[in-house]
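Heads up: the structure comes next, in C-alpha cells.
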Amino acid sequence: LQRGTKGDVITCLAKAEFNSQSIGESPKIEASADVETIFNFTVSISCNFEENILEDIANKPVMLTISEFLPKEKKQREEKSSILGQCTIDLLPLFSYGVTSHSETYIINPVSGSPLENMPPETPKPEIDVSISVAHPLISEGEDNVMSITLESLYSPPDSWNPSNQQFSYVFALSLPGSEEKDKSVKFQNGVLKAGSDRENANKQIRWTALPANCQGLSTYIFNRHAPEGFPLAEEDGEMKDSNHAEFRTEAESHKHRVTWNMQRRTYLKPVAAIKLQKQIAKSRYLPCEVGRVQAAKEAKSGKKEDDAQQSFRGLVCLNFAKLLYPGVKKVRGAFKVLPFSEQEFHEKTKKGSEVDETIVESITTPPPKPSTGKEDSKKKLNISSNKGVPSAIQNDVSLTSLSHNLIIRLVCFTNEQYLDACSYVVAEIELNKPLIPKKLPEDLAQLVQEYIPPRPRFPKRINGASKAVEEYHSQIISVVNLVLEQYRDLFSEDLSTNKRDQSTEAMKSRYQKLIYELNTSGKYFSFKEQLKHSVIKIVREKYFKSTAFENKEDQQKFLSELYVFLVDEMHKGLGKVLNLQDQTPVPDPPMDAAQLKHFAKEAEVNGDMSLADKYYKERIARSKRNADHWFDYACFNLLLGDVKKAIECTKSCIELDQQHMNGLLMYGVLMIMEEKFDAAEVFVEAVTNFYPGNIVGWTVLGLLYDSIGNDIGCEMAFEEANKLNVAQTFNKTSGEPSHADTVLQNVNQTETTLEKSSFGVTAEVTLEPLVEQNTTEISGFEKKEASFSKVKTTSASASKTLNSTLEPSKPPSQQTRDPKRRGTAPKEHSSPATPEPVPASPVTEKSVLLQTVEFLLDINAIKMADKTLAFELTSNKNVQLDYYMALTRLKIQIKNYDEALAAIQTAIQIDFKNPNIWSLCGHVHYLNGSKEQARVAYERVLAYAPCYDMHSIYIRLANLYLEEKKYNDAKNIFLAACRDSPTCNSWLGVGAACYRLDQLAEAEDALCEANILNNQAPEVWAYLSLMCLKTGRVFEAEQSYKYAIKVGLSDEKLLDEISNLQKEVGFGNPAV
C-alpha cells in the first residue's frame, strides 16, 4: 500500500465484506509512503456452485475498506479509527472458461472526510494489489454463461417529465430465463431524471447495482468499466442506428432531458437457462423489457398521492437479441425505442403465449409501500382516482364509477403514447461471458494450390516433330494389329484350340473373307481406320508440311502416291515390331475409381447437368458390368429423371447379379408399389425382411404396402416390428450394451421365422410374450420397452386407425395396461394392480420409423412414395419431429416447390437453429430460388457450425457466390476446402478461376490442369486455360485451348467475350482470324 505522500508511519488494517457481510479483517500493519506495505491477508468465500451463490459472485463485489488507527491520547480507553478509503473487487474474471485465478491492482478511493480526499491531483493515488482464485473453474465448457446487462440512459423522455420535480424514481425491468419452472426478474431502480444542461462526463463510469450500504464515493463504480465513447451507429444493433437518426440522437443526447442509470447487472445463466434463452431468441428474436416511473419512497411516506396514470408511464422496450445467435457474437449494443405498452404489441414482438411477468408489472406500476391509514381496502384501491369532492350519489352510482375507470384507462393510454410523441429510446448493452454459439474456426487452408494436388506420375511432355509422328504411327499400327489378332482368335477359336487348321489357299481365303466381313459388320473396321487417321494427319503435317489445299489434282495425286508408299513401308516396320513384341507396357489405372465417378455424378445432379451425370453412371457400369451397386445407383438416377421403366430394368439387372441385394430388393418393391403391382411388391419386400430381419425400413415399407392393400393385421404386425427394432436400436445407443438388445432381436427373429404368412398377428401374440419373459434377467428392463408396443387387434378398423395405434409414441409406465383376455401366459404380478412391478420408462426414439423410411425413399428419388409416407407421419404423430420438416423440405426441393420448402425449413430453424443440416437445406432452397444473398448467409452459417452431410455442394455453391461477388480470396479458400475433402473438376476449376482473377497464374495453371485430368470435356476449363495462355504469351497453347473450348461447346457468353477481348488485346489466340 502506497499512501502517496511522505509522512509519519500510520497503523492501518484492511476489512473485506461480501454480500453485506464481513468475511475477514487483516492484522494491524504499520505503513508509510516510503515503502510498500504487505498485508498478506487472505479471506475465503464459501461456494458450492449453486445458482444463487454464483449469481452473487458475478453481480456483487468484494469491498475492501482500509482504516487508519490514531495513536491513543491520555485518559483514552479505546483507539480511534477513521476510514482512509475503499475499493470494490470485481469477481467476474473468474467466470472465464478454465480460469482459476486473476490478479489486479485497484485504486483506494477516498471516502468523505478521509485524509486522502484532500490530496493534490498530481499526487499518485494509493493502490493495492489483489489476487483472487478458486479451486475449480466456476464455469464449464458447456452451455452455462454469465450475462452482463449495462443500462445507460433513457433519452428524449416525454415532455411532461420535469427534472426539478424529484418526487419520482425511474425503473427498468426485464425477465430472463431462469430455472425450468420460473424465470427471474432483473430490475434497474433509482434512475435519475437530469436536465439537458447537466452534461454527462465523456468517460462515463458504470456503477454496481448491488453494494453494501456503507459503500461510498468512487467505490460504487465498477473498476475499469466505462461506457464506450463515440460508438459507431453502423455497428449498433438497435432500431436507432440508421444515418437519418444520427442528427436526432445527437440533439437528444446533448440538449434534451434524460433518465440516467449507468448501471451494470450481471446474472448467471445455468445450462437450462442458456438453452431457454437460445430457444426464445430463435423463436421471437426479441427480449421484452419494461420502463416506467414510480413515486419516490420519501414522497410515498409523506402521504402525497398521485394518479397511477401520472406515476406509471409504462413503456415497452424490445431488445433485439438475434445477433447473439450468430456464431462467435457475445455482445449486443444499441439504442432501442420505447413503445407504449400494450398486450398485443407484447405478443406480436415476443410471440409469447403466456402473460407478462407479474413481478415486472408490479415493479413498474406499484409505488413503494405506504404506511397503513386504517381505511378500507376498497378505498385503498380508489387511490387511482381520488373521489374527494365528488357527490356521494355519484360515488354510489355503479355506471358512473365504471365510466370513471374507463376515463382513467384512456388517460393511461394517453400518457403511454407520449413515448411515441417524444421518440424516446434507451441505450443498453448486453454482453455474454462467452458466445451462445461458439464460432467454428476453419482449418488453415493452404496458400499454394500445389499442396492440394494429389501425387501422381507426371505425364511426359509431347514433342511434336516428324520422328514423333512416325513413332506414333507405329504405335497405332501395333495397337490395330493386336486388336485384329484378338478378333481373329475369337472368331476361329475352335480351329486354334484343336490346332487343325486347313492351310489351303481356299481355306485361308475363306477365313480372310469371314474376318473382313466380321470387321465391317461390327463397325470395328471403321474404328480401326479412325484410330489410324490422327497419326496419318500428323505425318502429313509434320513430315510433309502439308496443311493447305492442293492447287491441282496432279499435285494431289502425286502426293498421295508418295504418301501411300511411305505409309506402307512404315506399316511393315510396325508389323515387324509386333512379331518381336514380347510384353506390352501395362495399361495404367484410370485416374478415377468407381467411388469418384459416383461422386462426380452426384455433383452433376446437384448442378443440374443430367447428361454429364448419365455419362458418369454409364462409365461406372462399363468398367464393372457385374457390380450390382452400380446398377442400383443408375436405377436411382433414372428414377430422378422420371424414367420409371428404365429404373425398373436397372433394378432388375441389380437383382440378377445379387439375389440378396438389400437396397435393390427394397427399391424394386417400392417401384412395384408405385406401379400398383402389389403381388410382386409383396414378394420382394418380404424377401428384404427375411434376408435382413433387422432392417427397419424394410418392415416399414411392408407396413405401407399392407396398408395400401387393406391388410390391417399385416400392417399392424409390420409397424409393430419396425417400432420394436427402433426402440432396440435406441436402447443400444443409450445403454452402451448392444449385446443385450442383439440377443433379444436374435431370439425374436428366430421365433418370427416359424410364423406363417397367413397367421401374422395370432402366432406373434402367442410366442413373443414368453420370449420376452425368458430374457428378463438378461436385458434389465427391455421387456417393458417391448411391452409398451401393445398389440391392438383391428380386424375391422381402417388403415389410418391402424397406423395411429401402431405408430403412437410409447406411453409412460403408469399408462401402460395389459389386456387380461390376450392369449398366452403372463406372470400374476403383471395382472395384479395391488403390487405393480416398477417399470423403467421406454427410451425416446431419436427418429420415427416413418421418417427413416422417408429418408430412404428420398435417397432413391421415390418422390410419390415419400409424399405418401410423410402424410402418414403427419397424421400418426402428434408431436411433429424436426426431421419431418427437413424431409418435407427435401421433398419440396425435388419437386421444385421452393415456396413450401422455404416455409418448412424456416419452421425447422425455429426448432433447432444450431443444426448445420437445416442451414444447408435453407441455403439450397434460397440458392435454387434465386435468393443468392440469403443463400450465402445460410451457407456461411453451416461453415460456422459443424460439418454437415452435404459439404461438397455447399462449398461449390458458396464459392461460386463469392466469385459472382468478386470475393476471389474467399472463393479460392472455399474451393480449396472442397478439393481437400473431395476433389472434382468443378472444384479445381473454381480454384483455377479464382487464382486467375487474383493474377496467380502459376497456381491457376496447376489447378486447371488438375481439372482437365478429371474431365477433359469441360468447356470452361479450356476457356480459362486459353485465358491463362493468352496472358502468359503462349501462342500455340492459347489457340489449342480456345479451339477445344469451342469444340466441346463453350456457351458462356461472358467467358467468350472476355476471351475475344483479350485476343484482340494481345493480337493472337484465335486461329480463325
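If you're wondering about the labels, chains in the C-alpha cells are A, B, ... by order shown, residues count from 1 in each chain, ligands from 1 in order shown.
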Near Thr11 (chain A), counting only C-alpha atoms, which residues have an atom at most 8 Å away, once you skip same-chain residues fewer than 6 positions from it, shown as an mmCIF file with N, CA and C atoms, in the first residue's frame?
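Result file follows (result-v9.cif):
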data_model
loop_
_atom_site.group_PDB
_atom_site.id
_atom_site.type_symbol
_atom_site.label_atom_id
_atom_site.label_comp_id
_atom_site.auth_asym_id
_atom_site.auth_seq_id
_atom_site.Cartn_x
_atom_site.Cartn_y
_atom_site.Cartn_z
ATOM 1 N N LYS A 28 -3.300 -5.510 12.182
ATOM 2 C CA LYS A 28 -2.879 -4.115 12.068
ATOM 3 C C LYS A 28 -1.448 -4.072 11.543
ATOM 4 N N ILE A 29 -1.253 -3.258 10.500
ATOM 5 C CA ILE A 29 0.042 -3.168 9.820
ATOM 6 C C ILE A 29 0.497 -1.712 9.838
ATOM 7 N N GLU A 30 1.781 -1.502 10.107
ATOM 8 C CA GLU A 30 2.347 -0.160 10.011
ATOM 9 C C GLU A 30 2.716 0.114 8.562
ATOM 10 N N ALA A 31 2.327 1.288 8.087
ATOM 11 C CA ALA A 31 2.531 1.641 6.681
ATOM 12 C C ALA A 31 3.085 3.043 6.583
ATOM 13 N N GLU A 68 -7.522 3.602 9.257
ATOM 14 C CA GLU A 68 -6.332 4.055 9.970
ATOM 15 C C GLU A 68 -6.655 4.161 11.460
ATOM 16 N N PHE A 69 -5.738 3.698 12.316
ATOM 17 C CA PHE A 69 -5.903 3.771 13.765
ATOM 18 C C PHE A 69 -5.003 4.890 14.301
ATOM 19 N N LEU A 70 -5.645 5.846 14.995
ATOM 20 C CA LEU A 70 -4.917 7.008 15.526
ATOM 21 C C LEU A 70 -4.277 6.649 16.863
#
Problem - Nearby residues (only C-alpha atoms) at most 8 Å from Leu575 (chain A), same-chain spacing under 5 positions excluded, as a list in words - result: Ile477, Ile478 and Val481 of chain A
Handout entry: Separation of CA of Ala628 (chain A) from CA of Leu850 (chain A) in Å
Key =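 Straight-line distance from CA of Leu850 (chain A) to CA of Ala628 (chain A) works out to 26.8 Å.
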Practice task
Mind checking which residues fall within 7 Å of Ile107 (chain A), counting only C-alpha atoms, ignoring those fewer than 2 positions away in the same chain, and posting them as a list in words?
Solution key: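 After dropping sequence-adjacent residues, the list is Cys87, Thr105, Asn109, Lys125, Pro126, Glu127 and Ile128 of chain A.
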Problem - Which residue of A:Thr548, A:Ala335, A:Leu1008, A:Cys318 approaches Phe231 (chain A) most closely, using only C-alpha atoms - result: A:Ala335
Practice task
Could you check how far CA of Ala322 (chain A) sits from CA of Gln278 (chain A), in Å to one decimal?
Solution key: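 The value is 9.3 Å.
CA of Ile45 (chain A) is found 25.7 Å from CA of Val111 (chain A).
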Exercise for the section: Apply DSSP to the structure's backbone, then extract all residues of region 230-320 of chain A labelled strand (DSSP E or B) and return them as a PyMOL selection string. Expected result: chain A and resi 258-269+286-295+315-320
Practice task
Mind checking which residues fall within 8 Å of region 891-903 of chain A, counting only C-alpha atoms, ignoring those fewer than 3 positions away in the same chain, and posting them as an NGL selection string?
Solution key: :A and (858 or 863 or 866-867 or 887-888 or 906-907 or 922 or 925-926 or 928-929)
